[in-house]
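Chemist: Handing over work_22.cif, mmCIF, C-alpha atoms.
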```
data_run
loop_
_atom_site.label_atom_id
_atom_site.label_comp_id
_atom_site.auth_asym_id
_atom_site.auth_seq_id
_atom_site.Cartn_x
_atom_site.Cartn_y
_atom_site.Cartn_z
CA MET T 1 34.55 -9.06 5.96
CA GLY T 2 33.40 -12.22 4.12
CA TRP T 3 30.17 -12.34 2.13
CA GLN T 4 28.37 -14.57 4.65
CA LYS T 5 29.25 -12.21 7.49
CA PHE T 6 28.08 -9.30 5.35
CA GLN T 7 24.71 -11.00 4.78
CA ASP T 8 24.29 -11.85 8.46
CA ASP T 9 24.98 -8.30 9.62
CA TYR T 10 22.82 -6.20 7.33
CA ASN T 11 19.85 -4.37 8.84
CA GLN T 12 19.50 -6.24 12.10
CA PRO T 13 16.28 -5.10 13.80
CA ILE T 14 16.09 -3.36 17.16
CA GLU T 15 16.26 -5.92 19.97
CA ARG T 16 12.63 -5.60 21.01
CA TRP T 17 11.55 -6.71 17.54
CA GLN T 18 12.02 -10.09 15.98
CA LYS T 19 12.12 -11.13 12.35
CA GLY T 20 9.37 -13.55 11.37
CA PRO T 21 10.21 -17.25 10.96
CA ARG T 22 10.70 -16.91 7.19
CA ASN T 23 11.53 -13.18 7.25
CA LEU T 24 9.05 -12.78 4.39
CA ILE T 25 5.78 -10.92 3.86
CA SER T 26 4.09 -14.34 4.08
CA ASP T 27 4.83 -14.40 7.82
CA VAL T 28 1.59 -12.40 8.02
CA PRO T 29 -1.00 -15.18 8.45
CA GLY T 30 -2.98 -15.81 5.26
CA VAL T 31 -0.59 -14.00 2.91
CA SER T 32 1.09 -16.02 0.15
CA VAL T 33 3.27 -15.23 -2.86
CA GLY T 34 3.88 -16.98 -6.17
CA HIS T 35 6.25 -16.39 -9.08
CA HIS T 36 6.40 -17.39 -12.71
CA THR T 37 9.70 -16.66 -14.47
CA VAL T 38 10.01 -16.47 -18.25
CA LYS T 39 13.70 -17.38 -18.39
CA SER T 40 14.17 -17.00 -22.13
CA TYR T 41 13.23 -13.31 -21.99
CA ARG T 42 14.28 -12.64 -18.38
CA THR T 43 10.93 -11.30 -17.26
CA GLY T 44 8.01 -12.66 -15.29
CA VAL T 45 5.03 -12.30 -12.97
CA THR T 46 4.63 -12.26 -9.19
CA VAL T 47 1.28 -12.65 -7.41
CA ILE T 48 0.53 -11.66 -3.81
CA GLN T 49 -2.54 -13.33 -2.31
CA PRO T 50 -3.69 -11.21 0.66
CA THR T 51 -5.91 -13.93 2.18
CA THR T 52 -6.60 -17.64 1.90
CA ASP T 53 -10.30 -17.12 1.23
CA ASN T 54 -12.27 -15.01 -1.27
CA VAL T 55 -10.98 -11.46 -0.87
CA PHE T 56 -13.69 -10.07 -3.18
CA LEU T 57 -16.43 -11.24 -0.81
CA GLN T 58 -14.47 -10.32 2.33
CA LYS T 59 -12.32 -7.33 1.43
CA VAL T 60 -9.33 -6.12 3.44
CA PRO T 61 -8.69 -2.54 4.58
CA ALA T 62 -6.07 -0.97 2.32
CA ALA T 63 -4.40 2.28 1.33
CA MET T 64 -2.04 3.46 -1.36
CA HIS T 65 0.54 6.21 -1.51
CA VAL T 66 2.30 7.59 -4.57
CA ILE T 67 5.74 8.88 -3.62
CA ASN T 68 6.63 9.71 -7.24
CA GLY T 69 4.02 9.04 -9.88
CA PHE T 70 6.05 7.80 -12.85
CA GLY T 71 4.01 4.58 -13.13
CA LYS T 72 1.24 2.66 -14.88
CA SER T 73 -0.43 0.68 -12.10
CA THR T 74 -4.17 -0.11 -12.12
CA GLY T 75 -6.73 -0.20 -9.33
CA LEU T 76 -5.15 2.40 -7.09
CA MET T 77 -7.79 5.10 -7.61
CA GLN T 78 -10.57 2.98 -6.12
CA ILE T 79 -8.38 1.94 -3.18
CA GLU T 80 -7.72 5.61 -2.50
CA GLU T 81 -11.47 6.34 -2.54
CA LEU T 82 -12.96 3.31 -0.77
CA GLY T 83 -10.06 2.11 1.37
CA THR T 84 -10.36 -1.58 0.55
CA LEU T 85 -8.52 -4.20 -1.52
CA GLU T 86 -10.71 -6.81 -3.23
CA THR T 87 -8.32 -8.77 -5.46
CA PRO T 88 -4.88 -10.33 -5.29
CA ILE T 89 -2.00 -8.08 -6.36
CA VAL T 90 -0.14 -8.87 -9.59
CA LEU T 91 3.38 -7.51 -10.25
CA THR T 92 4.92 -7.60 -13.74
CA ASN T 93 6.69 -5.46 -16.33
CA THR T 94 5.25 -2.20 -17.61
CA LEU T 95 4.00 -3.37 -21.00
CA ALA T 96 2.39 -6.51 -19.52
CA VAL T 97 -0.08 -4.61 -17.32
CA GLY T 98 -2.96 -5.10 -19.79
CA THR T 99 -2.36 -8.83 -20.09
CA ALA T 100 -2.11 -9.25 -16.32
CA TYR T 101 -5.30 -7.22 -15.89
CA GLN T 102 -7.21 -9.54 -18.23
CA ALA T 103 -5.86 -12.65 -16.51
CA LEU T 104 -6.77 -11.37 -13.05
CA VAL T 105 -10.26 -10.33 -14.18
CA LYS T 106 -10.90 -13.80 -15.62
CA GLN T 107 -9.74 -15.42 -12.38
CA MET T 108 -12.05 -13.18 -10.36
CA LEU T 109 -15.00 -13.95 -12.67
CA ILE T 110 -14.44 -17.69 -12.19
CA ASP T 111 -14.34 -17.31 -8.42
CA ASN T 112 -17.23 -14.83 -8.23
CA PRO T 113 -20.20 -15.50 -10.56
CA GLU T 114 -21.94 -12.47 -9.03
CA ILE T 115 -19.55 -10.01 -10.67
CA GLY T 116 -21.25 -8.11 -13.48
CA ARG T 117 -24.57 -9.85 -12.78
CA SER T 118 -26.05 -9.41 -9.31
CA THR T 119 -23.33 -7.01 -8.20
CA GLY T 120 -20.92 -4.53 -9.78
CA THR T 121 -17.59 -5.17 -11.46
CA VAL T 122 -14.20 -5.69 -9.82
CA ASN T 123 -11.12 -3.55 -9.15
CA PRO T 124 -8.01 -5.50 -10.30
CA VAL T 125 -4.69 -4.32 -8.86
CA ILE T 126 -1.71 -4.61 -11.21
CA MET T 127 1.60 -2.93 -10.34
CA GLU T 128 4.67 -2.66 -12.56
CA CYS T 129 8.26 -1.68 -13.15
CA ASN T 130 10.10 -1.30 -16.47
CA ASP T 131 12.55 -4.19 -16.96
CA GLY T 132 13.48 -3.11 -20.50
CA GLN T 133 17.22 -2.92 -19.81
CA ILE T 134 17.38 -6.71 -19.41
CA ASN T 135 14.11 -7.97 -20.91
CA ASP T 136 13.15 -7.36 -24.55
CA ILE T 137 10.04 -5.57 -23.33
CA ARG T 138 8.82 -4.81 -26.88
CA ALA T 139 8.39 -8.56 -27.48
CA LEU T 140 5.32 -8.51 -25.17
CA THR T 141 6.26 -11.94 -23.88
CA ILE T 142 3.96 -12.18 -20.85
CA THR T 143 0.79 -14.18 -21.45
CA GLU T 144 -2.30 -14.80 -19.36
CA GLU T 145 -1.05 -18.35 -18.78
CA HIS T 146 2.11 -16.93 -17.18
CA VAL T 147 -0.09 -15.00 -14.74
CA ASN T 148 -2.11 -18.15 -14.03
CA GLN T 149 1.10 -20.08 -13.32
CA ALA T 150 2.12 -17.45 -10.76
CA PHE T 151 -1.25 -17.95 -9.05
CA PHE T 152 -0.73 -21.71 -8.96
CA ALA T 153 2.73 -21.23 -7.41
CA CYS T 154 1.49 -19.16 -4.43
CA GLY T 155 2.71 -20.35 -1.07
CA GLU T 156 4.14 -19.23 2.25
CA SER T 157 7.72 -19.86 1.09
CA PHE T 158 9.00 -18.18 -2.04
CA ALA T 159 12.26 -17.15 -3.67
CA GLU T 160 13.72 -13.64 -3.72
CA GLY T 161 15.98 -11.84 -6.16
CA ALA T 162 15.80 -12.37 -9.93
CA VAL T 163 12.54 -14.33 -9.97
CA GLY T 164 9.02 -13.66 -11.20
CA ALA T 165 8.42 -9.97 -11.81
CA GLY T 166 11.92 -9.27 -10.49
CA THR T 167 13.73 -11.32 -13.15
CA GLY T 168 14.68 -8.36 -15.33
CA MET T 169 14.94 -5.60 -12.73
CA CYS T 170 18.03 -3.55 -11.79
CA CYS T 171 18.57 -1.83 -8.45
CA TYR T 172 21.33 0.73 -7.78
CA GLY T 173 22.96 -0.32 -11.04
CA LEU T 174 23.19 -3.90 -9.74
CA LYS T 175 20.84 -6.84 -10.22
CA GLY T 176 17.66 -6.22 -8.25
CA GLY T 177 14.22 -7.79 -8.19
CA ILE T 178 12.02 -9.25 -5.46
CA GLY T 179 12.93 -8.60 -1.83
CA SER T 180 10.97 -9.27 1.33
CA ALA T 181 11.25 -9.06 5.12
CA SER T 182 9.07 -9.17 8.22
CA ARG T 183 8.95 -8.07 11.85
CA ARG T 184 7.02 -9.35 14.85
CA TRP T 185 6.21 -7.42 18.00
CA THR T 186 3.81 -7.61 20.93
CA ILE T 187 1.07 -5.20 21.94
CA ASP T 188 -0.92 -5.94 25.12
CA HIS T 189 0.23 -9.57 25.11
CA GLN T 190 -0.79 -10.11 21.49
CA THR T 191 1.80 -10.76 18.78
CA PHE T 192 1.43 -9.07 15.41
CA THR T 193 3.41 -9.20 12.17
CA LEU T 194 4.32 -6.57 9.61
CA GLY T 195 5.76 -7.71 6.29
CA ALA T 196 7.03 -5.96 3.17
CA LEU T 197 7.67 -7.09 -0.39
CA VAL T 198 9.42 -4.86 -2.91
CA LEU T 199 9.97 -4.97 -6.65
CA SER T 200 13.22 -3.02 -6.81
CA ASN T 201 14.24 -1.31 -10.04
CA PHE T 202 15.71 2.06 -9.07
CA GLY T 203 18.76 3.99 -7.94
CA SER T 204 22.32 4.85 -8.98
CA LEU T 205 25.16 2.68 -7.63
CA SER T 206 27.16 5.63 -6.34
CA ASP T 207 24.28 6.39 -3.93
CA LEU T 208 23.92 2.90 -2.41
CA VAL T 209 24.06 2.81 1.40
CA ILE T 210 24.11 -0.41 3.46
CA ASN T 211 24.11 -0.33 7.25
CA HIS T 212 24.62 3.44 7.05
CA GLN T 213 27.83 2.94 5.06
CA PRO T 214 28.13 4.53 1.56
CA ILE T 215 29.36 1.29 0.00
CA GLY T 216 28.17 2.32 -3.46
CA LYS T 217 31.03 4.78 -3.88
CA ALA T 218 33.52 1.94 -3.44
CA LEU T 219 31.56 -0.56 -5.54
CA ILE T 220 31.32 1.82 -8.49
CA GLN T 221 35.13 1.88 -8.65
CA ALA T 222 35.44 -1.88 -8.13
CA ILE T 223 33.28 -2.73 -11.16
CA GLU T 224 34.62 0.22 -13.15
CA GLU T 225 31.20 1.73 -13.60
CA LYS T 226 30.37 5.37 -14.30
CA ARG T 227 27.82 7.28 -12.30
CA ALA T 228 24.44 6.62 -13.90
CA GLU T 229 21.33 8.77 -13.96
CA GLU T 230 18.84 7.97 -11.19
CA LYS T 231 15.88 6.29 -12.87
CA GLY T 232 13.68 3.24 -12.51
CA SER T 233 10.96 2.38 -10.04
CA ILE T 234 10.12 0.54 -6.84
CA ILE T 235 6.82 -1.04 -5.91
CA THR T 236 6.35 -1.66 -2.19
CA VAL T 237 3.60 -3.81 -0.68
CA LEU T 238 3.02 -3.79 3.09
CA ALA T 239 0.92 -6.42 4.85
CA THR T 240 -0.01 -6.75 8.51
CA ASP T 241 -2.47 -8.55 10.76
CA LEU T 242 -2.56 -5.54 13.08
CA PRO T 243 -6.06 -3.99 13.20
CA LEU T 244 -5.61 -0.75 11.29
CA ASP T 245 -8.07 1.25 9.21
CA SER T 246 -7.31 2.65 5.76
CA ARG T 247 -6.26 6.02 7.17
CA GLN T 248 -3.70 4.42 9.45
CA LEU T 249 -2.47 2.17 6.62
CA LYS T 250 -2.01 5.30 4.51
CA ARG T 251 0.22 6.69 7.25
CA LEU T 252 2.31 3.50 7.16
CA ALA T 253 2.52 3.64 3.37
CA LYS T 254 3.94 7.16 3.54
CA ARG T 255 6.78 5.97 5.79
CA THR T 256 8.00 3.45 3.22
CA SER T 257 9.81 6.33 1.52
CA VAL T 258 12.06 6.59 4.58
CA GLY T 259 13.03 2.92 4.33
CA ILE T 260 13.78 3.36 0.64
CA THR T 261 15.88 6.48 1.12
CA ARG T 262 17.86 4.84 3.92
CA THR T 263 19.38 2.66 1.19
CA GLY T 264 20.55 5.81 -0.59
CA SER T 265 17.82 6.80 -3.03
CA PHE T 266 16.71 10.41 -3.35
CA ILE T 267 13.64 9.36 -5.41
CA GLY T 268 14.52 10.71 -8.81
CA ASN T 269 12.44 12.51 -11.39
CA GLY T 270 11.91 9.43 -13.57
CA SER T 271 11.39 6.92 -10.77
CA GLY T 272 7.96 5.45 -10.08
CA GLU T 273 7.64 4.96 -6.32
CA VAL T 274 4.28 3.45 -5.34
CA THR T 275 3.19 1.74 -2.11
CA LEU T 276 0.15 -0.39 -1.31
CA ALA T 277 -0.58 -1.35 2.32
CA PHE T 278 -3.27 -3.68 3.63
CA SER T 279 -4.38 -5.31 6.88
CA THR T 280 -5.89 -8.78 7.15
CA ALA T 281 -7.87 -7.68 10.23
CA ASN T 282 -11.25 -5.92 10.10
CA ARG T 283 -12.55 -7.61 6.95
CA VAL T 284 -15.24 -5.75 5.01
CA ALA T 285 -18.13 -7.84 3.66
CA HIS T 286 -19.07 -7.21 0.02
CA PHE T 287 -22.70 -8.14 0.77
CA GLU T 288 -23.29 -6.30 4.02
CA GLU T 289 -26.16 -7.57 6.15
CA THR T 290 -26.54 -4.53 8.42
CA SER T 291 -26.34 -0.77 8.09
CA TRP T 292 -23.66 -0.50 10.76
CA SER T 293 -20.18 -1.80 11.31
CA THR T 294 -17.95 -1.76 14.37
CA ARG T 295 -14.21 -2.15 14.06
CA LYS T 296 -11.38 -2.31 16.54
CA ILE T 297 -8.29 -0.29 15.54
CA LEU T 298 -4.97 0.53 17.13
CA SER T 299 -4.63 3.65 19.26
CA GLU T 300 -2.78 6.49 17.59
CA LYS T 301 -0.45 6.52 20.60
CA ARG T 302 1.11 3.27 19.31
CA MET T 303 1.65 4.39 15.73
CA ASP T 304 5.25 5.56 16.20
CA GLU T 305 6.40 1.99 16.72
CA CYS T 306 4.50 0.95 13.59
CA PHE T 307 6.32 3.67 11.65
CA GLN T 308 9.69 2.46 12.94
CA LEU T 309 8.85 -1.11 11.97
CA THR T 310 7.80 0.02 8.51
CA VAL T 311 11.08 1.81 7.88
CA SER T 312 13.09 -1.18 9.13
CA VAL T 313 11.22 -3.81 7.13
CA VAL T 314 11.27 -1.82 3.86
CA GLU T 315 14.97 -1.04 4.17
CA GLU T 316 15.72 -4.74 4.64
CA ALA T 317 13.41 -5.79 1.79
CA VAL T 318 15.31 -3.53 -0.64
CA LEU T 319 18.66 -4.90 0.52
CA SER T 320 17.29 -8.45 0.38
CA SER T 321 16.40 -7.98 -3.29
CA LEU T 322 20.08 -7.19 -3.90
CA ILE T 323 21.43 -9.92 -1.61
CA HIS T 324 19.48 -12.68 -3.39
CA ALA T 325 19.94 -11.61 -7.02
CA GLU T 326 22.52 -13.09 -9.40
CA SER T 327 24.66 -11.40 -12.06
CA THR T 328 23.28 -11.34 -15.59
CA GLN T 329 23.70 -9.50 -18.89
CA ASP T 330 21.49 -6.77 -20.27
CA LEU T 331 20.22 -6.55 -23.85
CA ALA T 332 23.43 -4.84 -24.95
CA GLY T 333 25.57 -7.63 -23.48
CA LYS T 334 26.79 -5.56 -20.54
CA THR T 335 27.23 -7.39 -17.22
CA ILE T 336 24.77 -6.38 -14.53
CA TYR T 337 26.58 -7.47 -11.39
CA SER T 338 24.89 -8.94 -8.37
CA LEU T 339 25.73 -7.28 -5.07
CA LYS T 340 27.63 -10.43 -4.10
CA ASP T 341 29.83 -10.38 -7.21
CA ALA T 342 30.44 -6.64 -6.94
CA TYR T 343 31.35 -7.08 -3.26
CA GLU T 344 33.83 -9.86 -4.09
CA LEU T 345 35.45 -7.63 -6.74
CA LEU T 346 35.73 -4.88 -4.15
CA LYS T 347 37.49 -7.24 -1.74
CA LYS T 348 39.95 -8.40 -4.40
CA ARG T 349 40.87 -4.81 -5.19
CA GLY T 350 41.38 -3.97 -1.54
#
```
Please go through the file and, once you have read it, give me the structure as structure tokens.

Modeler:
Amino acid sequence: MGWQKFQDDYNQPIERWQKGPRNLISDVPGVSVGHHTVKSYRTGVTVIQPTTDNVFLQKVPAAMHVINGFGKSTGLMQIEELGTLETPIVLTNTLAVGTAYQALVKQMLIDNPEIGRSTGTVNPVIMECNDGQINDIRALTITEEHVNQAFFACGESFAEGAVGAGTGMCCYGLKGGIGSASRRWTIDHQTFTLGALVLSNFGSLSDLVINHQPIGKALIQAIEEKRAEEKGSIITVLATDLPLDSRQLKRLAKRTSVGITRTGSFIGNGSGEVTLAFSTANRVAHFEETSWSTRKILSEKRMDECFQLTVSVVEEAVLSSLIHAESTQDLAGKTIYSLKDAYELLKKRG
């Protein structure tokens, strides 16, 4: 099978579902993504804007789920307690979390003069993976200006693979990074979208499964690699315009682990697996004008289909991060193969 055929065939959705027009998380109306890549150090920043307007003033329902807690994210505790997201989401490397936090806070203060004056503070959400195999993470390269540049780059179309926060990430011993996918489906004559974006930095090549085939076992021989210890992390962000409350979003977030494990991971001891899910429906006003609120949410009887969609879209997002990445070298000069290059080696060796 040629590489193009391989790309076309992977993780095709069930017939009653369709991929979004871009097959990206930004197919959810209002969601945008921007990258800034620091090429000289092979690291970077990715920003996810959940809405086109001021998300601090009109928050979105949200939930988080920690599958394995080997991570250093910020802002998740308040989301767990209050069930809302009030800032954009910034993805970067582990030792740049503090810098990204400061940059996001400053952006929120510019946009919201009420913060710290006539109202409380703000809950910045920064999520991370350790790209220290490829990036010289001790150099602390990321600056606040890099974060600002990622904000400026936000749009509905964006690159995948070794870009932004994904520049220095490895996935299943191959080059990983940013991956995204989306699904559309209809409920009572209304069309809704579910999208996922992952920052993939986990797994051992021998465990990799694509389209239910254990291709990793063959690839590990093709690139003459030894079985490596399962370590790393994956950050998953789910977005939808389906009216769900934070409890229902939490249920979706839990199912992302199934999509991840379908690609072969068993979620190792040293792997940070964290999911954040939000809905752009049922906005929550920061300055509430009444004592009551009424929200429309999906019936629990329809949640099974949402769970299936979640598994499908996360599985494809992980594979997409591999499909779009390019081979590079790590700090020790070792080649980190892209899935494409490893696949071509496998073909040559029969």

Chemist: Go through the shown structure with the PyMOL selection byres ((chain T and resi 193-204) around 6) and write out the matching residues as a PyMOL selection string.

Modeler: chain T and resi 25+28+169-173+176-184+192+205-207+228+230-240+265+314

Chemist: For the file shown, what are the residues hit by the PyMOL selection byres ((chain T and resi 342) around 9), laid out as number ranges by chain?

Modeler: T: 174, 219-220, 222-223, 337-341, 343-347

Chemist: In terms of the shortest atom-to-atom distance over only C-alpha atoms, which of T:Asn211, T:Thr141, T:Gln107, T:Thr280 is closest to Pro61 of chain T?

Modeler: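 Distance minimum relative to Pro61 of chain T lands on T:Thr280.
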
Chemist: Identify which of the residues T:Thr310, T:Ser320, T:Thr294, T:Thr37 lies closest to Glu145 of chain T, counting all atoms listed in the file when measuring atom-to-atom distances.

Modeler: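 That would be T:Thr37, the residue with the smallest distance to Glu145 of chain T.
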
Chemist: Do you know which residues are at most 8 Å from Ala96 of chain T counting all atoms listed in the file, after dropping those on the same chain fewer than 2 positions away, and could you put them as a list in words?

Modeler: Thr92, Asn93, Thr94, Gly98, Thr99, Ala100, Leu140, Thr141 and Ile142 of chain T
